[in-house]
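A.B. asks: What follows is structure_33.pdb, PDB, C-alpha atoms.
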ATOM      1  CA  MET E  56     -31.647 -47.658  -5.677
ATOM      2  CA  SER E  57     -31.154 -44.397  -3.832
ATOM      3  CA  SER E  58     -32.344 -41.019  -5.081
ATOM      4  CA  ASN E  59     -31.270 -37.473  -4.360
ATOM      5  CA  TYR E  60     -34.889 -36.340  -4.935
ATOM      6  CA  PRO E  61     -33.985 -33.420  -7.217
ATOM      7  CA  ASN E  62     -37.543 -32.063  -7.063
ATOM      8  CA  GLY E  63     -37.699 -32.108  -3.281
ATOM      9  CA  PHE E  64     -40.849 -32.982  -1.340
ATOM     10  CA  VAL E  65     -43.870 -30.937  -2.380
ATOM     11  CA  ASN E  66     -45.748 -31.581   0.851
ATOM     12  CA  GLY E  67     -42.700 -31.880   3.079
ATOM     13  CA  VAL E  68     -41.490 -35.111   4.685
ATOM     14  CA  THR E  69     -41.799 -36.530   8.205
ATOM     15  CA  ILE E  70     -39.693 -39.365   9.639
ATOM     16  CA  ARG E  71     -40.980 -40.940  12.887
ATOM     17  CA  GLY E  72     -43.127 -37.919  13.470
ATOM     18  CA  VAL E  73     -40.273 -35.408  13.072
ATOM     19  CA  PRO E  74     -40.630 -32.985  10.147
ATOM     20  CA  LEU E  75     -37.430 -32.527   8.143
ATOM     21  CA  GLN E  76     -36.631 -29.269   6.430
ATOM     22  CA  GLN E  77     -35.567 -29.283   2.789
ATOM     23  CA  ALA E  78     -32.090 -27.883   3.302
ATOM     24  CA  HIS E  79     -30.900 -27.695  -0.290
ATOM     25  CA  PRO E  80     -32.946 -25.504  -2.645
ATOM     26  CA  GLY E  81     -30.711 -26.336  -5.607
ATOM     27  CA  GLU E  82     -29.396 -29.531  -7.152
ATOM     28  CA  VAL E  83     -27.322 -32.034  -5.182
ATOM     29  CA  PHE E  84     -24.312 -33.660  -6.849
ATOM     30  CA  TRP E  85     -22.038 -36.424  -5.596
ATOM     31  CA  VAL E  86     -18.301 -37.016  -6.136
ATOM     32  CA  ASN E  87     -16.633 -40.296  -5.176
ATOM     33  CA  ASN E  88     -13.586 -42.003  -6.686
ATOM     34  CA  SER E  89     -12.679 -43.842  -3.493
ATOM     35  CA  GLY E  90     -13.432 -47.276  -4.915
ATOM     36  CA  VAL E  91     -15.801 -47.931  -2.014
ATOM     37  CA  ALA E  92     -19.419 -47.881  -3.162
ATOM     38  CA  LEU E  93     -22.725 -49.494  -2.355
ATOM     39  CA  ALA E  94     -23.846 -52.559  -4.251
ATOM     40  CA  ASN E  95     -25.615 -51.913  -7.545
ATOM     41  CA  THR E  96     -24.029 -48.510  -8.008
ATOM     42  CA  TYR E  97     -21.845 -47.245 -10.833
ATOM     43  CA  GLY E  98     -18.131 -46.547 -10.526
ATOM     44  CA  ALA E  99     -17.092 -42.893 -10.462
ATOM     45  CA  SER E 100     -16.916 -41.162 -13.839
ATOM     46  CA  ASP E 101     -17.378 -37.638 -15.137
ATOM     47  CA  ASN E 102     -19.641 -39.257 -17.735
ATOM     48  CA  ASN E 103     -22.080 -40.171 -14.954
ATOM     49  CA  ARG E 104     -25.063 -38.103 -13.834
ATOM     50  CA  GLY E 105     -23.492 -37.118 -10.528
ATOM     51  CA  THR E 106     -26.085 -38.880  -8.383
ATOM     52  CA  PHE E 107     -25.362 -40.894  -5.258
ATOM     53  CA  ASN E 108     -25.502 -44.107  -7.292
ATOM     54  CA  ALA E 109     -23.599 -42.699 -10.270
ATOM     55  CA  PRO E 110     -21.131 -40.133  -8.867
ATOM     56  CA  PHE E 111     -18.712 -37.888 -10.698
ATOM     57  CA  SER E 112     -15.017 -38.636 -10.316
ATOM     58  CA  THR E 113     -13.671 -35.061  -9.985
ATOM     59  CA  LEU E 114     -14.767 -32.034  -8.009
ATOM     60  CA  ASP E 115     -14.024 -29.529 -10.770
ATOM     61  CA  TYR E 116     -16.351 -31.350 -13.168
ATOM     62  CA  ALA E 117     -19.110 -31.335 -10.554
ATOM     63  CA  ILE E 118     -18.692 -27.574 -10.132
ATOM     64  CA  GLY E 119     -19.135 -27.160 -13.873
ATOM     65  CA  LYS E 120     -22.530 -28.910 -13.673
ATOM     66  CA  CYS E 121     -23.808 -26.457 -11.048
ATOM     67  CA  THR E 122     -25.935 -23.389 -11.747
ATOM     68  CA  ALA E 123     -24.892 -20.119 -10.172
ATOM     69  CA  SER E 124     -26.915 -18.754  -7.234
ATOM     70  CA  ARG E 125     -29.330 -21.705  -7.184
ATOM     71  CA  GLY E 126     -27.958 -23.089  -3.932
ATOM     72  CA  ASP E 127     -26.381 -26.228  -5.390
ATOM     73  CA  VAL E 128     -24.534 -28.587  -3.041
ATOM     74  CA  ILE E 129     -21.705 -30.964  -3.912
ATOM     75  CA  PHE E 130     -21.116 -33.830  -1.484
ATOM     76  CA  VAL E 131     -17.640 -35.384  -1.686
ATOM     77  CA  MET E 132     -17.634 -38.905  -0.304
ATOM     78  CA  PRO E 133     -15.290 -40.367   2.342
ATOM     79  CA  GLY E 134     -12.021 -41.647   0.913
ATOM     80  CA  HIS E 135     -12.199 -39.532  -2.229
ATOM     81  CA  ALA E 136      -8.746 -38.344  -3.361
ATOM     82  CA  GLU E 137      -7.566 -36.040  -6.128
ATOM     83  CA  THR E 138      -4.280 -34.500  -7.255
ATOM     84  CA  ILE E 139      -4.315 -30.825  -8.288
ATOM     85  CA  ALA E 140      -1.585 -30.146 -10.828
ATOM     86  CA  THR E 141      -2.407 -26.601 -11.979
ATOM     87  CA  ASP E 142      -3.389 -23.238 -10.536
ATOM     88  CA  GLY E 143      -7.169 -23.491 -10.657
ATOM     89  CA  GLY E 144      -7.165 -27.250 -11.134
ATOM     90  CA  VAL E 145     -10.278 -26.925  -8.996
ATOM     91  CA  THR E 146     -12.018 -23.602  -9.635
ATOM     92  CA  LEU E 147     -15.173 -22.616  -7.778
ATOM     93  CA  ASP E 148     -16.590 -20.237 -10.374
ATOM     94  CA  LYS E 149     -20.319 -20.766  -9.761
ATOM     95  CA  ALA E 150     -21.805 -18.413  -7.165
ATOM     96  CA  GLY E 151     -23.527 -19.902  -4.141
ATOM     97  CA  VAL E 152     -22.140 -23.435  -4.446
ATOM     98  CA  ALA E 153     -21.393 -25.395  -1.260
ATOM     99  CA  VAL E 154     -18.776 -28.180  -1.267
ATOM    100  CA  VAL E 155     -19.206 -30.544   1.674
ATOM    101  CA  GLY E 156     -16.748 -33.308   2.463
ATOM    102  CA  LEU E 157     -18.068 -36.405   4.232
ATOM    103  CA  GLY E 158     -16.104 -38.575   6.636
ATOM    104  CA  VAL E 159     -13.764 -37.893   9.555
ATOM    105  CA  GLY E 160     -10.032 -38.142  10.137
ATOM    106  CA  SER E 161      -8.076 -39.755   7.321
ATOM    107  CA  LEU E 162     -11.310 -40.626   5.509
ATOM    108  CA  ARG E 163     -12.080 -36.997   4.756
ATOM    109  CA  PRO E 164     -11.774 -36.172   1.022
ATOM    110  CA  THR E 165      -8.125 -35.306   0.301
ATOM    111  CA  PHE E 166      -6.699 -32.961  -2.334
ATOM    112  CA  THR E 167      -2.937 -33.063  -2.927
ATOM    113  CA  MET E 168      -1.054 -30.207  -4.621
ATOM    114  CA  SER E 169       1.588 -31.646  -6.949
ATOM    115  CA  VAL E 170       3.279 -28.561  -8.456
ATOM    116  CA  VAL E 171       4.408 -25.198  -7.072
ATOM    117  CA  ALA E 172       1.550 -23.228  -8.626
ATOM    118  CA  SER E 173      -1.271 -25.710  -8.008
ATOM    119  CA  ALA E 174      -4.153 -24.281  -5.996
ATOM    120  CA  VAL E 175      -7.895 -24.266  -5.464
ATOM    121  CA  VAL E 176      -9.360 -21.014  -6.802
ATOM    122  CA  ILE E 177     -12.537 -19.389  -5.478
ATOM    123  CA  SER E 178     -13.580 -16.827  -8.089
ATOM    124  CA  ALA E 179     -17.350 -16.675  -7.496
ATOM    125  CA  ALA E 180     -19.191 -15.095  -4.579
ATOM    126  CA  ASN E 181     -20.923 -16.870  -1.699
ATOM    127  CA  VAL E 182     -19.023 -20.143  -2.052
ATOM    128  CA  SER E 183     -18.271 -22.460   0.867
ATOM    129  CA  ILE E 184     -15.853 -25.356   1.412
ATOM    130  CA  SER E 185     -16.287 -27.644   4.394
ATOM    131  CA  ASN E 186     -14.543 -30.705   5.877
ATOM    132  CA  LEU E 187     -11.856 -31.249   3.229
ATOM    133  CA  LYS E 188      -8.171 -32.164   3.629
ATOM    134  CA  PHE E 189      -5.450 -30.385   1.653
ATOM    135  CA  VAL E 190      -1.875 -31.678   1.410
ATOM    136  CA  THR E 191       1.103 -30.088  -0.332
ATOM    137  CA  GLY E 192       3.442 -32.486  -2.118
ATOM    138  CA  VAL E 193       5.984 -29.903  -3.301
ATOM    139  CA  ASP E 194       8.417 -27.525  -1.650
ATOM    140  CA  VAL E 195       7.365 -23.880  -1.266
ATOM    141  CA  SER E 196       4.044 -24.043  -3.072
ATOM    142  CA  THR E 197       2.596 -20.556  -3.607
ATOM    143  CA  ASN E 198      -0.716 -21.075  -1.808
ATOM    144  CA  CYS E 199      -3.410 -23.670  -1.278
ATOM    145  CA  ILE E 200      -6.605 -21.646  -1.716
ATOM    146  CA  ASP E 201      -6.659 -18.447  -3.774
ATOM    147  CA  ILE E 202      -9.746 -16.283  -3.177
ATOM    148  CA  THR E 203     -10.784 -13.438  -5.487
ATOM    149  CA  ALA E 204     -14.498 -13.131  -4.624
ATOM    150  CA  ALA E 205     -16.712 -12.009  -1.748
ATOM    151  CA  ASN E 206     -18.193 -14.061   1.085
ATOM    152  CA  ALA E 207     -15.993 -17.138   0.720
ATOM    153  CA  ALA E 208     -16.292 -19.547   3.644
ATOM    154  CA  ILE E 209     -13.672 -22.167   4.512
ATOM    155  CA  GLU E 210     -14.833 -24.303   7.415
ATOM    156  CA  ASN E 211     -13.473 -27.333   9.283
ATOM    157  CA  CYS E 212     -10.677 -27.999   6.778
ATOM    158  CA  HIS E 213      -7.266 -29.523   7.468
ATOM    159  CA  PHE E 214      -4.006 -28.342   5.855
ATOM    160  CA  SER E 215      -0.720 -30.238   6.145
ATOM    161  CA  GLU E 216       2.573 -31.150   4.453
ATOM    162  CA  SER E 217       3.393 -34.581   3.086
ATOM    163  CA  ALA E 218       7.035 -34.238   4.204
ATOM    164  CA  GLY E 219       9.265 -31.906   6.198
ATOM    165  CA  ASP E 220      10.734 -30.168   3.149
ATOM    166  CA  MET E 221       7.367 -29.149   1.710
ATOM    167  CA  CYS E 222       5.072 -26.236   2.526
ATOM    168  CA  TRP E 223       2.856 -23.436   1.299
ATOM    169  CA  LEU E 224       4.128 -19.886   1.445
ATOM    170  CA  ASP E 225       0.609 -18.787   2.405
ATOM    171  CA  VAL E 226      -2.152 -21.314   2.933
ATOM    172  CA  ILE E 227      -5.144 -19.060   2.174
ATOM    173  CA  SER E 228      -4.633 -15.968   0.017
ATOM    174  CA  ALA E 229      -7.291 -13.301  -0.481
ATOM    175  CA  THR E 230      -5.943 -11.703  -3.643
ATOM    176  CA  GLY E 231      -8.781  -9.635  -5.050
ATOM    177  CA  GLY E 232      -7.806  -7.468  -7.999
ATOM    178  CA  THR E 233      -9.297  -4.425  -6.302
ATOM    179  CA  ASP E 234     -10.024  -3.496  -2.703
ATOM    180  CA  ASN E 235     -13.037  -5.175  -1.088
ATOM    181  CA  ASP E 236     -13.267  -7.950  -3.691
ATOM    182  CA  CYS E 237     -12.860 -10.449  -0.842
ATOM    183  CA  ASP E 238     -15.202  -8.854   1.706
ATOM    184  CA  GLY E 239     -16.939 -11.257   4.061
ATOM    185  CA  LEU E 240     -14.099 -13.804   4.124
ATOM    186  CA  ARG E 241     -14.836 -16.474   6.733
ATOM    187  CA  VAL E 242     -12.297 -19.047   7.967
ATOM    188  CA  THR E 243     -13.412 -21.179  10.916
ATOM    189  CA  ASP E 244     -12.478 -24.406  12.717
ATOM    190  CA  CYS E 245      -9.488 -25.132  10.472
ATOM    191  CA  VAL E 246      -6.182 -26.798  11.375
ATOM    192  CA  TYR E 247      -2.778 -26.119   9.804
ATOM    193  CA  THR E 248       0.355 -27.950  10.944
ATOM    194  CA  SER E 249       3.744 -27.217   9.371
ATOM    195  CA  ILE E 250       7.341 -28.294   9.989
ATOM    196  CA  ASP E 251       9.059 -26.651   7.002
ATOM    197  CA  ASP E 252      11.269 -23.564   7.387
ATOM    198  CA  SER E 253       9.927 -21.619   4.382
ATOM    199  CA  ALA E 254       6.268 -21.137   5.280
ATOM    200  CA  ASN E 255       5.060 -17.598   5.867
ATOM    201  CA  ASN E 256       1.458 -17.210   7.023
ATOM    202  CA  PHE E 257      -1.844 -18.988   7.384
ATOM    203  CA  ILE E 258      -3.914 -16.199   5.757
ATOM    204  CA  ALA E 259      -2.572 -13.444   3.496
ATOM    205  CA  LEU E 260      -4.584 -10.349   2.528
ATOM    206  CA  THR E 261      -3.461  -8.225  -0.416
ATOM    207  CA  SER E 262      -6.440  -5.855  -0.565
ATOM    208  CA  ASP E 263      -8.808  -4.043   1.807
ATOM    209  CA  VAL E 264     -11.280  -6.447   3.438
ATOM    210  CA  ASP E 265     -14.531  -5.650   5.255
ATOM    211  CA  GLU E 266     -16.426  -7.930   7.668
ATOM    212  CA  MET E 267     -13.804 -10.674   7.833
ATOM    213  CA  PHE E 268     -14.532 -13.414  10.394
ATOM    214  CA  ILE E 269     -11.660 -15.670  11.510
ATOM    215  CA  ALA E 270     -12.408 -17.954  14.457
ATOM    216  CA  ASP E 271     -11.528 -21.210  16.226
ATOM    217  CA  ASN E 272      -8.519 -22.102  14.064
ATOM    218  CA  PHE E 273      -5.430 -23.982  15.302
ATOM    219  CA  VAL E 274      -2.109 -23.204  13.598
ATOM    220  CA  CYS E 275       1.031 -24.999  14.781
ATOM    221  CA  MET E 276       4.411 -24.050  13.312
ATOM    222  CA  THR E 277       7.711 -25.735  14.181
ATOM    223  CA  HIS E 278       9.971 -23.993  11.656
ATOM    224  CA  ALA E 279      12.291 -21.035  12.127
ATOM    225  CA  ASN E 280      10.084 -18.251  10.806
ATOM    226  CA  ALA E 281       7.900 -16.018  12.946
ATOM    227  CA  LEU E 282       4.540 -16.761  11.411
ATOM    228  CA  LYS E 283       1.413 -14.636  11.380
ATOM    229  CA  LEU E 284      -2.071 -16.038  11.502
ATOM    230  CA  ILE E 285      -3.106 -13.154   9.221
ATOM    231  CA  ASP E 286      -0.618 -11.137   7.183
ATOM    232  CA  VAL E 287      -1.841  -7.853   5.712
ATOM    233  CA  ALA E 288      -0.199  -6.142   2.757
ATOM    234  CA  THR E 289       1.276  -2.707   3.397
ATOM    235  CA  GLY E 290      -1.365   0.008   3.582
ATOM    236  CA  LYS E 291      -4.349  -2.348   3.345
ATOM    237  CA  THR E 292      -7.234  -1.943   5.780
ATOM    238  CA  MET E 293      -9.404  -4.412   7.692
ATOM    239  CA  THR E 294     -12.759  -2.994   8.766
ATOM    240  CA  ASN E 295     -15.496  -4.485  10.969
ATOM    241  CA  MET E 296     -13.369  -7.580  11.459
ATOM    242  CA  GLN E 297     -13.893 -10.300  14.065
ATOM    243  CA  ILE E 298     -10.963 -12.489  15.167
ATOM    244  CA  HIS E 299     -11.929 -14.897  17.952
ATOM    245  CA  ARG E 300     -10.543 -17.957  19.810
ATOM    246  CA  ASN E 301      -7.647 -18.783  17.481
ATOM    247  CA  ILE E 302      -4.539 -20.632  18.687
ATOM    248  CA  LEU E 303      -1.107 -19.964  17.193
ATOM    249  CA  ASP E 304       1.571 -22.317  18.559
ATOM    250  CA  GLN E 305       5.194 -21.472  17.699
ATOM    251  CA  ARG E 306       6.986 -22.841  20.755
ATOM    252  CA  ALA E 307       9.314 -25.086  18.742
ATOM    253  CA  ARG E 308      10.786 -22.391  16.488
ATOM    254  CA  THR E 309      14.566 -22.506  16.249
ATOM    255  CA  ASP E 310      14.987 -18.770  15.633
ATOM    256  CA  THR E 311      14.403 -16.606  18.699
ATOM    257  CA  SER E 312      14.380 -13.329  16.779
ATOM    258  CA  GLY E 313      10.969 -11.867  16.046
ATOM    259  CA  GLU E 314       7.688 -13.335  17.164
ATOM    260  CA  GLY E 315       4.477 -14.829  15.901
ATOM    261  CA  SER E 316       1.329 -12.727  15.928
ATOM    262  CA  VAL E 317      -2.361 -12.991  15.127
ATOM    263  CA  ILE E 318      -2.176 -10.012  12.745
ATOM    264  CA  GLY E 319       0.962  -8.563  11.216
ATOM    265  CA  GLY E 320       2.190  -6.367   8.416
ATOM    266  CA  SER E 321      -0.580  -3.783   8.416
ATOM    267  CA  THR E 322       0.508  -0.146   8.292
ATOM    268  CA  ALA E 323      -3.016   1.256   7.963
ATOM    269  CA  THR E 324      -4.342   3.349  10.845
ATOM    270  CA  ASP E 325      -8.069   3.062  10.107
ATOM    271  CA  ASN E 326      -8.640  -0.630  10.861
ATOM    272  CA  SER E 327     -11.711  -1.516  12.906
ATOM    273  CA  GLY E 328     -13.103  -4.563  14.643
ATOM    274  CA  VAL E 329     -12.452  -6.754  17.655
ATOM    275  CA  MET E 330     -10.095  -9.555  18.715
ATOM    276  CA  THR E 331     -11.073 -11.781  21.631
ATOM    277  CA  HIS E 332      -9.673 -14.878  23.377
ATOM    278  CA  ASN E 333      -6.806 -15.549  20.967
ATOM    279  CA  LEU E 334      -3.804 -17.501  22.325
ATOM    280  CA  ILE E 335      -0.192 -17.334  21.146
ATOM    281  CA  SER E 336       2.730 -19.473  22.285
ATOM    282  CA  ASN E 337       6.112 -18.045  21.227
ATOM    283  CA  ILE E 338       9.716 -18.994  21.858
ATOM    284  CA  ASP E 339      10.803 -15.354  22.108
ATOM    285  CA  GLU E 340       9.707 -13.989  25.487
ATOM    286  CA  ALA E 341      11.039 -10.523  24.775
ATOM    287  CA  GLY E 342       9.122 -10.164  21.527
ATOM    288  CA  GLN E 343       5.659 -11.278  22.532
ATOM    289  CA  VAL E 344       2.909  -9.511  20.633
ATOM    290  CA  ILE E 345      -0.680 -10.165  19.638
ATOM    291  CA  GLU E 346      -1.014  -7.830  16.647
ATOM    292  CA  ASP E 347       0.588  -4.804  15.048
ATOM    293  CA  ALA E 348      -2.524  -3.358  13.371
ATOM    294  CA  THR E 349      -3.815  -0.013  14.654
ATOM    295  CA  GLY E 350      -7.491   0.537  15.448
ATOM    296  CA  ILE E 351      -8.592  -2.901  16.655
ATOM    297  CA  ASN E 352     -10.249  -3.461  20.043
ATOM    298  CA  LYS E 353      -8.841  -6.355  22.084
ATOM    299  CA  HIS E 354     -10.325  -8.377  24.936
ATOM    300  CA  GLU E 355      -8.874 -11.362  26.833
ATOM    301  CA  ASN E 356      -6.023 -12.297  24.485
ATOM    302  CA  TYR E 357      -3.015 -14.150  25.933
ATOM    303  CA  VAL E 358       0.604 -14.780  24.944
ATOM    304  CA  THR E 359       3.435 -16.803  26.454
ATOM    305  CA  GLY E 360       7.115 -17.232  25.686
ATOM    306  CA  ALA E 361       7.713 -20.501  27.533
ATOM    307  CA  ILE E 362       6.169 -23.948  27.449
ATOM    308  CA  THR E 363       5.658 -24.408  31.177
ATOM    309  CA  VAL E 364       4.133 -21.061  32.144
ATOM    310  CA  GLN E 365       0.668 -19.578  32.035
ATOM    311  CA  GLY E 366       0.096 -17.024  29.289
ATOM    312  CA  VAL E 367      -0.218 -13.368  30.205
ATOM    313  CA  LEU E 368      -2.909 -10.944  29.178
ATOM    314  CA  TYR E 369      -1.827  -8.896  26.176
ATOM    315  CA  PRO E 370      -2.157  -6.006  26.018
ATOM    316  CA  ALA E 371      -2.539  -5.248  29.707
ATOM    317  CA  ALA E 372      -6.086  -4.656  30.902
ATOM    318  CA  GLU E 373      -7.267  -1.082  31.079
ATOM    319  CA  THR E 374      -7.954   0.320  34.523
ATOM    320  CA  VAL E 375     -11.391   1.880  34.804
ATOM    321  CA  ASP E 376     -11.846   4.620  37.395
TER     322      ASP E 376
END
So, in terms of structure tokens, how does the structure I just supplied come out?

C.D. replies:
Amino acid sequence: MSSNYPNGFVNGVTIRGVPLQQAHPGEVFWVNNSGVALANTYGASDNNRGTFNAPFSTLDYAIGKCTASRGDVIFVMPGHAETIATDGGVTLDKAGVAVVGLGVGSLRPTFTMSVVASAVVISAANVSISNLKFVTGVDVSTNCIDITAANAAIENCHFSESAGDMCWLDVISATGGTDNDCDGLRVTDCVYTSIDDSANNFIALTSDVDEMFIADNFVCMTHANALKLIDVATGKTMTNMQIHRNILDQRARTDTSGEGSVIGGSTATDNSGVMTHNLISNIDEAGQVIEDATGINKHENYVTGAITVQGVLYPAAETVD
């Protein structure tokens, strides 16, 4: 029988002469309702202990067994699948918890939104989600992940639609009740592909955010709307932000009015931070733009309005005397 060694290794552990660090200071819980399990293990149930051999069946129950700020980790096994039918059907309300999906491709744990308001809610600070798949099964769902706390990290996740008439209005929404509730937001290495004509943006900010880090994401839109990678509510400010190496592909849009952009909607004049090496492919050559937020430094960003041409530097490089 396997063990998750909840008490760690007092004297450390070495395998073939290589010392291994104890990476998880808190408890480790397992979630797996895939139906694929090792011999002599229990089937998934929220009445289990949440060990590798006796996993929980739902992520939300596993979160409830965690202790805030202890550094607990929840591993979600390959092939695990859940349907989220309410807003907060999965709520990360324990600070410092890490949710890690195991598996690659179609075997990554998958969470399907089944009603318009269904969403994952992050309401505690210092929470991370990694390597999960999210699918919307309804038309014009409000959002997929709703964040109201600081230092949320969403890494290596995949977002998609189960059919062409289904989408999220905004995939990730930082909707803190007051400014700076969602400081430290981090979204990296994620993929979002959409073919519906009602989607708006990949990330939506409704309050001031400091030290946001958005990098290495690929967003591909084939609908009519001019999407923004990050949409900022009127008058809200982004400070000390870093936006690097994102790709926004809107070449297949059917509406040539307007344009996609990395950042849009902001009317604040006191933004600060840097954008580097972002790439945008638009259908509207006349309306190419990288951002419309004042106060942000830009280096080596490129846009193009045609499929067969090389992107151009935007804005134009400054000439130094």

A.B. asks: Using Å and a single decimal, report how far atom CA of Val182 of chain E sits from atom CA of Val145 of chain E.

C.D. replies: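 Straight-line distance from atom CA of Val145 of chain E to atom CA of Val182 of chain E works out to 13.1 Å.
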
A.B. asks: So what does the PyMOL selection byres ((chain E and resi 209) around 6) actually pick up in this one, as a list in words?

C.D. replies: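 This file gives the following for the PyMOL selection byres ((chain E and resi 209) around 6): Ser183, Ile184, Ala208, Glu210 and Val242 of chain E.
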
A.B. asks: Carefully work through the PyMOL selection byres ((chain E and resi 236) around 8) for this structure and note down the residues it includes, as a PDB file with C-alpha atoms, keeping the file's coordinate frame.

C.D. replies:
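selection_15.pdb was written with the following content:
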ATOM      1  CA  THR E 203     -10.784 -13.438  -5.487  1.00  0.00           C
ATOM      2  CA  ALA E 204     -14.498 -13.131  -4.624  1.00  0.00           C
ATOM      3  CA  ALA E 205     -16.712 -12.009  -1.748  1.00  0.00           C
ATOM      4  CA  GLY E 231      -8.781  -9.635  -5.050  1.00  0.00           C
ATOM      5  CA  GLY E 232      -7.806  -7.468  -7.999  1.00  0.00           C
ATOM      6  CA  THR E 233      -9.297  -4.425  -6.302  1.00  0.00           C
ATOM      7  CA  ASP E 234     -10.024  -3.496  -2.703  1.00  0.00           C
ATOM      8  CA  ASN E 235     -13.037  -5.175  -1.088  1.00  0.00           C
ATOM      9  CA  CYS E 237     -12.860 -10.449  -0.842  1.00  0.00           C
ATOM     10  CA  ASP E 238     -15.202  -8.854   1.706  1.00  0.00           C
ATOM     11  CA  SER E 262      -6.440  -5.855  -0.565  1.00  0.00           C
ATOM     12  CA  VAL E 264     -11.280  -6.447   3.438  1.00  0.00           C
TER      13      VAL E 264
END

A.B. asks: Could you give me, as JSON, numbers by chain, the residues that have an atom at most 7 Å away from the point (-10.7, -6.4, 16.3) in the coordinates of the file, using all atoms listed in the file?

C.D. replies: {"E": [296, 297, 298, 327, 328, 329, 330, 351, 352, 353]}

A.B. asks: Restricting it to C-alpha atoms, dump the selection as a PDB file, in the frame of the given file.

C.D. replies:
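What ended up in result26.pdb:
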ATOM      1  CA  MET E 296     -13.369  -7.580  11.459  1.00  0.00           C
ATOM      2  CA  GLN E 297     -13.893 -10.300  14.065  1.00  0.00           C
ATOM      3  CA  ILE E 298     -10.963 -12.489  15.167  1.00  0.00           C
ATOM      4  CA  SER E 327     -11.711  -1.516  12.906  1.00  0.00           C
ATOM      5  CA  GLY E 328     -13.103  -4.563  14.643  1.00  0.00           C
ATOM      6  CA  VAL E 329     -12.452  -6.754  17.655  1.00  0.00           C
ATOM      7  CA  MET E 330     -10.095  -9.555  18.715  1.00  0.00           C
ATOM      8  CA  ILE E 351      -8.592  -2.901  16.655  1.00  0.00           C
ATOM      9  CA  ASN E 352     -10.249  -3.461  20.043  1.00  0.00           C
ATOM     10  CA  LYS E 353      -8.841  -6.355  22.084  1.00  0.00           C
TER      11      LYS E 353
END

A.B. asks: Report as a PDB file with C-alpha atoms, in the frame of the given file the full result of the PyMOL selection byres ((chain E and resi 212) around 8) when it is applied to this structure.

C.D. replies:
ATOM      1  CA  ILE E 184     -15.853 -25.356   1.412  1.00  0.00           C
ATOM      2  CA  SER E 185     -16.287 -27.644   4.394  1.00  0.00           C
ATOM      3  CA  ASN E 186     -14.543 -30.705   5.877  1.00  0.00           C
ATOM      4  CA  LEU E 187     -11.856 -31.249   3.229  1.00  0.00           C
ATOM      5  CA  LYS E 188      -8.171 -32.164   3.629  1.00  0.00           C
ATOM      6  CA  PHE E 189      -5.450 -30.385   1.653  1.00  0.00           C
ATOM      7  CA  ILE E 209     -13.672 -22.167   4.512  1.00  0.00           C
ATOM      8  CA  GLU E 210     -14.833 -24.303   7.415  1.00  0.00           C
ATOM      9  CA  ASN E 211     -13.473 -27.333   9.283  1.00  0.00           C
ATOM     10  CA  HIS E 213      -7.266 -29.523   7.468  1.00  0.00           C
ATOM     11  CA  PHE E 214      -4.006 -28.342   5.855  1.00  0.00           C
ATOM     12  CA  ASP E 244     -12.478 -24.406  12.717  1.00  0.00           C
ATOM     13  CA  CYS E 245      -9.488 -25.132  10.472  1.00  0.00           C
ATOM     14  CA  VAL E 246      -6.182 -26.798  11.375  1.00  0.00           C
TER      15      VAL E 246
END

A.B. asks: Around the point (-16.0, -44.8, -3.0) (coordinates from the file), which residues reach within 7 Å if we count only C-alpha atoms? Answer as a ChimeraX atom specification.

C.D. replies: /E:87-92,132-135

A.B. asks: I'd like to know which of E:Val193, E:Ile200, E:Ala136, E:Val287 is closest to Val317 of chain E, using only C-alpha atoms.

C.D. replies: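 The answer is E:Val287, which sits nearest to Val317 of chain E.
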
A.B. asks: Which residue out of E:Ala179, E:Cys222, E:Ala259, E:Ala109 has the minimum interatomic distance to Lys291 of chain E when only C-alpha atoms are used?

C.D. replies: E:Ala259

A.B. asks: Find the residue from E:Gly160, E:Gly350, E:Gly143, E:Gly126 that sits nearest to Ala174 of chain E; use all atoms listed in the file when measuring.

C.D. replies: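 Of E:Gly160, E:Gly350, E:Gly143, E:Gly126, the one nearest Ala174 of chain E is E:Gly143, counting all atoms listed in the file.
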
A.B. asks: Pick out the closest residue to Val152 of chain E from this set: E:Pro110, E:Gly360, E:Gly319, E:Pro80. Count all atoms listed in the file.

C.D. replies: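 Among the listed residues, the smallest separation from Val152 of chain E belongs to E:Pro80.
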
A.B. asks: With 6 Å on each side, where is the centre of the axis-aligned box around all listed atoms of segment 85-88 of chain E, and how long are its edges in Å to one decimal, as AutoDock Vina command-line options?

C.D. replies:
--center_x -17.8 --center_y -39.2 --center_z -5.9 --size_x 20.5 --size_y 17.6 --size_z 13.5

A.B. asks: Between atom CA of Thr165 of chain E and atom CA of Glu137 of chain E, measure the distance and give it in Å to one decimal.

C.D. replies: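 Result for atom CA of Thr165 of chain E versus atom CA of Glu137 of chain E: 6.5 Å, one decimal.
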
A.B. asks: Closest to Ala140 of chain E among E:Val154, E:Phe107, E:Cys199, E:Lys120, using all atoms listed in the file?

C.D. replies: E:Cys199

A.B. asks: Using all atoms listed in the file, find the one residue out of E:Ile250, E:Val83, E:Ala123, E:Ile335 that sits nearest to Thr106 of chain E.

C.D. replies: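 Of all the options, E:Val83 lies closest to Thr106 of chain E.
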